[in-house]
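S.K.: What follows is coords_1.cif; its format and atoms are mmCIF, C-alpha atoms.
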data_coords
loop_
_atom_site.group_PDB
_atom_site.id
_atom_site.type_symbol
_atom_site.label_atom_id
_atom_site.label_comp_id
_atom_site.auth_asym_id
_atom_site.auth_seq_id
_atom_site.Cartn_x
_atom_site.Cartn_y
_atom_site.Cartn_z
ATOM 1 C CA MET A 1005 -3.454 9.431 51.036
ATOM 2 C CA ALA A 1006 -3.578 12.583 48.912
ATOM 3 C CA GLU A 1007 -1.836 12.718 45.568
ATOM 4 C CA TYR A 1008 -0.577 16.265 46.111
ATOM 5 C CA ARG A 1009 -0.558 19.096 48.662
ATOM 6 C CA LYS A 1010 -3.141 21.831 48.264
ATOM 7 C CA LEU A 1011 -0.826 24.478 49.768
ATOM 8 C CA GLY A 1012 -3.799 26.529 50.984
ATOM 9 C CA LYS A 1013 -4.571 27.764 47.467
ATOM 10 C CA LYS A 1014 -7.258 27.278 44.865
ATOM 11 C CA THR A 1015 -6.402 25.109 41.868
ATOM 12 C CA LYS A 1016 -5.477 27.830 39.366
ATOM 13 C CA LEU A 1017 -3.364 29.730 41.864
ATOM 14 C CA ARG A 1018 -1.598 26.569 43.043
ATOM 15 C CA LYS A 1019 -0.786 25.468 39.491
ATOM 16 C CA ALA A 1020 0.502 28.938 38.582
ATOM 17 C CA LEU A 1021 2.660 29.037 41.715
ATOM 18 C CA LEU A 1022 4.162 25.612 41.004
ATOM 19 C CA ARG A 1023 4.764 26.410 37.312
ATOM 20 C CA ASN A 1024 6.517 29.613 38.307
ATOM 21 C CA GLN A 1025 8.697 27.916 40.915
ATOM 22 C CA VAL A 1026 9.627 25.067 38.537
ATOM 23 C CA THR A 1027 10.547 27.604 35.845
ATOM 24 C CA GLN A 1028 12.676 29.650 38.249
ATOM 25 C CA LEU A 1029 14.407 26.547 39.625
ATOM 26 C CA LEU A 1030 15.399 25.416 36.133
ATOM 27 C CA TYR A 1031 16.459 28.945 35.146
ATOM 28 C CA LYS A 1032 18.418 29.923 38.258
ATOM 29 C CA GLY A 1033 19.383 26.525 39.681
ATOM 30 C CA ARG A 1034 18.095 27.194 43.208
ATOM 31 C CA ILE A 1035 15.119 28.776 44.958
ATOM 32 C CA VAL A 1036 14.193 29.545 48.568
ATOM 33 C CA THR A 1037 10.677 28.439 49.511
ATOM 34 C CA THR A 1038 8.703 26.588 52.171
ATOM 35 C CA GLU A 1039 9.215 22.872 52.717
ATOM 36 C CA ALA A 1040 5.763 21.846 51.461
ATOM 37 C CA ARG A 1041 6.133 23.859 48.254
ATOM 38 C CA ALA A 1042 9.657 22.523 47.720
ATOM 39 C CA LYS A 1043 8.460 18.923 47.938
ATOM 40 C CA GLU A 1044 5.734 19.615 45.366
ATOM 41 C CA VAL A 1045 8.160 21.392 43.024
ATOM 42 C CA GLN A 1046 10.604 18.510 43.422
ATOM 43 C CA LYS A 1047 7.923 16.027 42.268
ATOM 44 C CA LEU A 1048 7.417 18.087 39.107
ATOM 45 C CA VAL A 1049 11.060 18.843 38.259
ATOM 46 C CA GLU A 1050 12.515 15.345 38.631
ATOM 47 C CA PRO A 1051 10.554 13.773 35.729
ATOM 48 C CA MET A 1052 11.329 16.788 33.521
ATOM 49 C CA ILE A 1053 15.067 16.396 34.013
ATOM 50 C CA ALA A 1054 14.806 12.629 33.517
ATOM 51 C CA LEU A 1055 12.997 13.220 30.218
ATOM 52 C CA ALA A 1056 15.639 15.734 29.117
ATOM 53 C CA ALA A 1057 18.441 13.306 30.009
ATOM 54 C CA LYS A 1058 16.735 10.534 28.036
ATOM 55 C CA GLU A 1059 16.217 12.657 24.902
ATOM 56 C CA LYS A 1060 19.456 14.672 25.025
ATOM 57 C CA ASP A 1061 21.070 13.174 21.881
ATOM 58 C CA ASN A 1062 17.936 12.312 19.923
ATOM 59 C CA TYR A 1063 18.430 14.693 16.963
ATOM 60 C CA GLU A 1064 20.256 14.902 13.662
ATOM 61 C CA GLU A 1065 22.263 17.813 12.291
ATOM 62 C CA VAL A 1066 21.155 19.042 8.881
ATOM 63 C CA THR A 1067 22.896 21.577 6.651
ATOM 64 C CA VAL A 1068 20.574 24.108 5.021
ATOM 65 C CA LYS A 1069 21.115 27.136 2.811
ATOM 66 C CA ALA A 1070 19.827 30.435 4.162
ATOM 67 C CA LYS A 1071 19.766 33.997 2.845
ATOM 68 C CA VAL A 1072 21.413 36.477 5.189
ATOM 69 C CA ALA A 1073 21.496 40.242 4.682
ATOM 70 C CA ARG A 1074 24.969 41.608 3.978
ATOM 71 C CA LYS A 1075 26.050 44.163 6.576
ATOM 72 C CA ASP A 1076 28.641 46.938 6.597
ATOM 73 C CA LYS A 1077 31.164 47.732 9.336
ATOM 74 C CA ASP A 1078 28.512 49.554 11.430
ATOM 75 C CA GLY A 1079 26.145 46.581 11.349
ATOM 76 C CA LYS A 1080 23.665 48.196 8.958
ATOM 77 C CA ARG A 1081 22.268 46.396 5.931
ATOM 78 C CA VAL A 1082 23.964 47.066 2.596
ATOM 79 C CA LYS A 1083 21.543 48.384 -0.029
ATOM 80 C CA GLU A 1084 21.952 48.787 -3.777
ATOM 81 C CA VAL A 1085 19.786 50.507 -6.371
ATOM 82 C CA LYS A 1086 17.888 48.250 -8.804
ATOM 83 C CA ASP A 1087 15.261 49.640 -11.159
ATOM 84 C CA GLY A 1088 15.189 52.932 -9.249
ATOM 85 C CA ARG A 1089 14.523 51.267 -5.880
ATOM 86 C CA LYS A 1090 16.821 50.527 -2.954
ATOM 87 C CA VAL A 1091 17.082 46.786 -2.380
ATOM 88 C CA THR A 1092 18.902 44.926 0.397
ATOM 89 C CA VAL A 1093 21.768 42.691 -0.748
ATOM 90 C CA TYR A 1094 21.572 39.072 0.476
ATOM 91 C CA ASP A 1095 24.293 36.418 0.674
ATOM 92 C CA GLU A 1096 23.611 32.685 0.658
ATOM 93 C CA VAL A 1097 25.101 30.928 3.684
ATOM 94 C CA GLU A 1098 25.115 27.294 4.747
ATOM 95 C CA LYS A 1099 23.953 26.706 8.315
ATOM 96 C CA LYS A 1100 23.847 23.604 10.452
ATOM 97 C CA ILE A 1101 20.588 23.148 12.339
ATOM 98 C CA ARG A 1102 19.323 20.452 14.675
ATOM 99 C CA LYS A 1103 16.347 18.480 13.517
ATOM 100 C CA ASP A 1104 14.585 16.809 16.439
ATOM 101 C CA ALA A 1105 13.493 13.191 16.242
ATOM 102 C CA PRO A 1106 9.744 12.712 16.837
ATOM 103 C CA SER A 1107 10.170 11.571 20.456
ATOM 104 C CA ARG A 1108 12.394 14.567 21.292
ATOM 105 C CA LEU A 1109 9.940 16.924 19.610
ATOM 106 C CA HIS A 1110 7.132 15.446 21.703
ATOM 107 C CA ALA A 1111 9.229 15.837 24.864
ATOM 108 C CA ARG A 1112 10.020 19.445 23.915
ATOM 109 C CA ARG A 1113 6.319 20.217 23.483
ATOM 110 C CA GLN A 1114 5.441 18.562 26.796
ATOM 111 C CA LEU A 1115 8.020 20.719 28.580
ATOM 112 C CA LEU A 1116 6.932 23.895 26.779
ATOM 113 C CA LYS A 1117 3.355 23.195 27.835
ATOM 114 C CA PHE A 1118 4.334 23.489 31.499
ATOM 115 C CA LEU A 1119 7.190 26.015 31.659
ATOM 116 C CA TYR A 1120 6.657 29.773 31.546
ATOM 117 C CA PRO A 1121 8.671 31.838 29.021
ATOM 118 C CA VAL A 1122 11.696 33.555 30.596
ATOM 119 C CA LYS A 1123 13.069 36.932 29.533
ATOM 120 C CA GLU A 1124 16.552 38.020 30.541
ATOM 121 C CA VAL A 1125 16.701 41.731 31.381
ATOM 122 C CA PRO A 1126 20.051 43.559 31.566
ATOM 123 C CA ALA A 1127 21.088 44.830 34.997
ATOM 124 C CA LYS A 1128 21.831 48.436 34.079
ATOM 125 C CA GLY A 1129 18.947 50.815 33.373
ATOM 126 C CA ALA A 1130 19.871 52.043 29.878
ATOM 127 C CA GLY A 1131 18.233 50.066 27.091
ATOM 128 C CA ARG A 1132 16.407 47.650 29.365
ATOM 129 C CA LYS A 1133 13.534 47.042 26.966
ATOM 130 C CA LYS A 1134 15.716 46.991 23.881
ATOM 131 C CA ASN A 1135 18.305 44.527 25.185
ATOM 132 C CA THR A 1136 15.935 41.944 26.688
ATOM 133 C CA LYS A 1137 16.271 38.478 25.254
ATOM 134 C CA GLU A 1138 14.159 35.356 25.435
ATOM 135 C CA VAL A 1139 15.803 32.400 27.201
ATOM 136 C CA ASP A 1140 15.021 28.986 25.712
ATOM 137 C CA LEU A 1141 14.618 26.958 28.889
ATOM 138 C CA VAL A 1142 13.847 23.723 27.038
ATOM 139 C CA ASP A 1143 17.140 23.945 25.135
ATOM 140 C CA LYS A 1144 18.888 24.548 28.452
ATOM 141 C CA LEU A 1145 17.202 21.428 29.828
ATOM 142 C CA PHE A 1146 18.294 19.251 26.890
ATOM 143 C CA ASP A 1147 21.792 20.684 26.341
ATOM 144 C CA GLU A 1148 22.962 21.552 29.836
ATOM 145 C CA TYR A 1149 20.972 19.487 32.349
ATOM 146 C CA GLY A 1150 20.458 16.495 30.042
ATOM 147 C CA LYS A 1151 24.201 16.050 29.572
ATOM 148 C CA LYS A 1152 24.965 16.833 33.201
ATOM 149 C CA TYR A 1153 22.542 14.250 34.606
ATOM 150 C CA ALA A 1154 22.793 11.599 31.850
ATOM 151 C CA GLU A 1155 24.573 9.058 34.056
ATOM 152 C CA ARG A 1156 22.501 9.791 37.159
ATOM 153 C CA LYS A 1157 19.516 7.539 37.918
ATOM 154 C CA GLY A 1158 17.474 10.148 39.790
ATOM 155 C CA GLY A 1159 17.759 12.553 42.690
ATOM 156 C CA TYR A 1160 18.494 15.638 40.605
ATOM 157 C CA THR A 1161 17.390 18.069 43.332
ATOM 158 C CA ARG A 1162 18.327 18.596 46.959
ATOM 159 C CA ILE A 1163 16.381 20.208 49.822
ATOM 160 C CA VAL A 1164 18.426 21.995 52.501
ATOM 161 C CA LYS A 1165 16.569 23.290 55.573
ATOM 162 C CA ILE A 1166 17.511 26.851 56.563
ATOM 163 C CA GLY A 1167 15.207 27.558 59.518
ATOM 164 C CA GLN A 1168 11.846 29.102 60.238
ATOM 165 C CA ARG A 1169 10.350 32.158 58.596
ATOM 166 C CA LYS A 1170 9.994 35.086 60.973
ATOM 167 C CA GLY A 1171 6.345 35.963 60.255
ATOM 168 C CA ASP A 1172 4.532 32.641 60.525
ATOM 169 C CA ALA A 1173 7.286 30.213 61.549
ATOM 170 C CA ALA A 1174 6.985 28.198 58.323
ATOM 171 C CA LEU A 1175 10.000 25.947 57.720
ATOM 172 C CA MET A 1176 12.057 27.512 54.928
ATOM 173 C CA VAL A 1177 14.306 25.462 52.654
ATOM 174 C CA VAL A 1178 16.650 25.910 49.728
ATOM 175 C CA LEU A 1179 15.683 23.732 46.762
ATOM 176 C CA GLU A 1180 18.644 23.366 44.404
ATOM 177 C CA LEU A 1181 19.792 21.243 41.523
ATOM 178 C CA VAL A 1182 22.548 18.818 42.539
#
Take the structure in the file and give it back as structure tokens.
M.R.:
Amino acid sequence: MAEYRKLGKKTKLRKALLRNQVTQLLYKGRIVTTEARAKEVQKLVEPMIALAAKEKDNYEEVTVKAKVARKDKDGKRVKEVKDGRKVTVYDEVEKKIRKDAPSRLHARRQLLKFLYPVKEVPAKGAGRKKNTKEVDLVDKLFDEYGKKYAERKGGYTRIVKIGQRKGDAALMVVLELV
């Protein structure tokens, strides 16, 4: 018996397709695809969520001192003149950061190796490039899905059949996180 479905694609194309669908499933929570693709994506997503649930609390909070630029009411940096030059004024602030344990760091790197980076683009047209922001999908896995599925022993996804596709009569399904 085969270990995986070939999906009628060459290796590089198949891997790219599956990586993209796994990334979109974790980002959006549900995708519409064919049954064969959904079963392959399901085999990849389940261990990822299990790993995130296992490593969800494996970090320590550390307080560090950081220099932050002082800003005025308009959000611009405050500058003062020193030795004939304009210099930005910095304040020292204490921040709490999470320091991953080695096993969580390894899990984070394993997930980053597979998932594509996701950029969130605003809906309205003005400032689309300027207001884009990078979504940290691995943090979402650990913080949101890890806590949500901590008590669950498996079965994090569900496949719901929605009928045949009009063009080639392929069975279409909705793959969603439970």
S.K.: Is it possible to get the residues within 8 Å of (9.1, 23.3, 39.7) (coordinates as in the file, counting only C-alpha atoms) written as a ChimeraX atom specification?
M.R.: /A:1022-1030,1044-1049
S.K.: Select, from A:Gly1150, A:Lys1019, A:Pro1121, A:Glu1098, the residue with the minimum atom-to-atom distance to Glu1138 (chain A), counting all atoms listed in the file.
M.R.: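 For Glu1138 (chain A), the nearest of the candidates is A:Pro1121.
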S.K.: Tell me, in Å to one decimal, how far CA of Ala1173 (chain A) is from CA of Arg1034 (chain A).
M.R.: 21.5 Å
S.K.: Using all atoms listed in the file, pick whichever of A:Asp1095, A:Arg1009, A:Val1182, A:Glu1065 has the shortest atom-to-atom distance to Lys1152 (chain A).
M.R.: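 Of A:Asp1095, A:Arg1009, A:Val1182, A:Glu1065, the one nearest Lys1152 (chain A) is A:Val1182, counting all atoms listed in the file.
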S.K.: Could you check which of A:Val1125, A:Leu1055, A:Ala1154, A:Ala1070 is closest to Ala1111 (chain A), using all atoms listed in the file?
M.R.: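 Going through A:Val1125, A:Leu1055, A:Ala1154, A:Ala1070 one by one, the smallest distance to Ala1111 (chain A) is for A:Leu1055.
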S.K.: From the options A:Lys1043, A:Arg1156, A:Lys1075, A:Lys1058, which residue's atoms come nearest to Ser1107 (chain A), counting only C-alpha atoms?
M.R.: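 For Ser1107 (chain A), the nearest of the candidates is A:Lys1058.
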S.K.: Find the residue from A:Lys1069, A:Lys1032, A:Lys1128, A:Arg1162 that sits nearest to Val1097 (chain A); use only C-alpha atoms when measuring.
M.R.: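 Answer, going by the shortest atom-to-atom distance: A:Lys1069.
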S.K.: Give the answer as one residue: which of A:Glu1180, A:Glu1059, A:Asp1076, A:Asp1147 has the shortest atom-to-atom distance to Ile1163 (chain A), using only C-alpha atoms?
M.R.: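 Of A:Glu1180, A:Glu1059, A:Asp1076, A:Asp1147, the one nearest Ile1163 (chain A) is A:Glu1180, counting only C-alpha atoms.
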S.K.: Run the PyMOL selection byres ((chain A and resi 1116) around 12) against the file shown and list the residues it catches, as a list in words.
M.R.: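 Checked against the file, the PyMOL selection byres ((chain A and resi 1116) around 12) matches Arg1023, Thr1027, Met1052, Leu1109, His1110, Ala1111, Arg1112, Arg1113, Gln1114, Leu1115, Lys1117, Phe1118, Leu1119, Tyr1120, Pro1121, Val1122, Asp1140, Leu1141, Val1142, Asp1143 and Leu1145 of chain A.
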S.K.: So which residues get picked by the PyMOL selection byres ((chain A and resi 1160) around 6) here, written as a short mmCIF file (atom, residue, chain, number, x, y, z; two decimals) with C-alpha atoms, in the coordinates of the input?
M.R.:
data_model
loop_
_atom_site.label_atom_id
_atom_site.label_comp_id
_atom_site.auth_asym_id
_atom_site.auth_seq_id
_atom_site.Cartn_x
_atom_site.Cartn_y
_atom_site.Cartn_z
CA GLY A 1158 17.47 10.15 39.79
CA GLY A 1159 17.76 12.55 42.69
CA THR A 1161 17.39 18.07 43.33
CA LEU A 1181 19.79 21.24 41.52
CA VAL A 1182 22.55 18.82 42.54
#
S.K.: How would you write, as a list in words, the residues chosen by the PyMOL selection byres ((chain A and resi 1100) around 7) on this structure?
M.R.: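 Evaluating the PyMOL selection byres ((chain A and resi 1100) around 7) on these coordinates yields Glu1065, Val1066, Thr1067, Val1068, Glu1098, Lys1099, Ile1101 and Arg1102 of chain A.
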S.K.: Separation of CA of Tyr1094 (chain A) and CA of Gly1079 (chain A), in Å?
M.R.: 14.0 Å
S.K.: CA of Glu1050 (chain A) to CA of Val1178 (chain A): how many Å, to one decimal?
M.R.: 15.9 Å
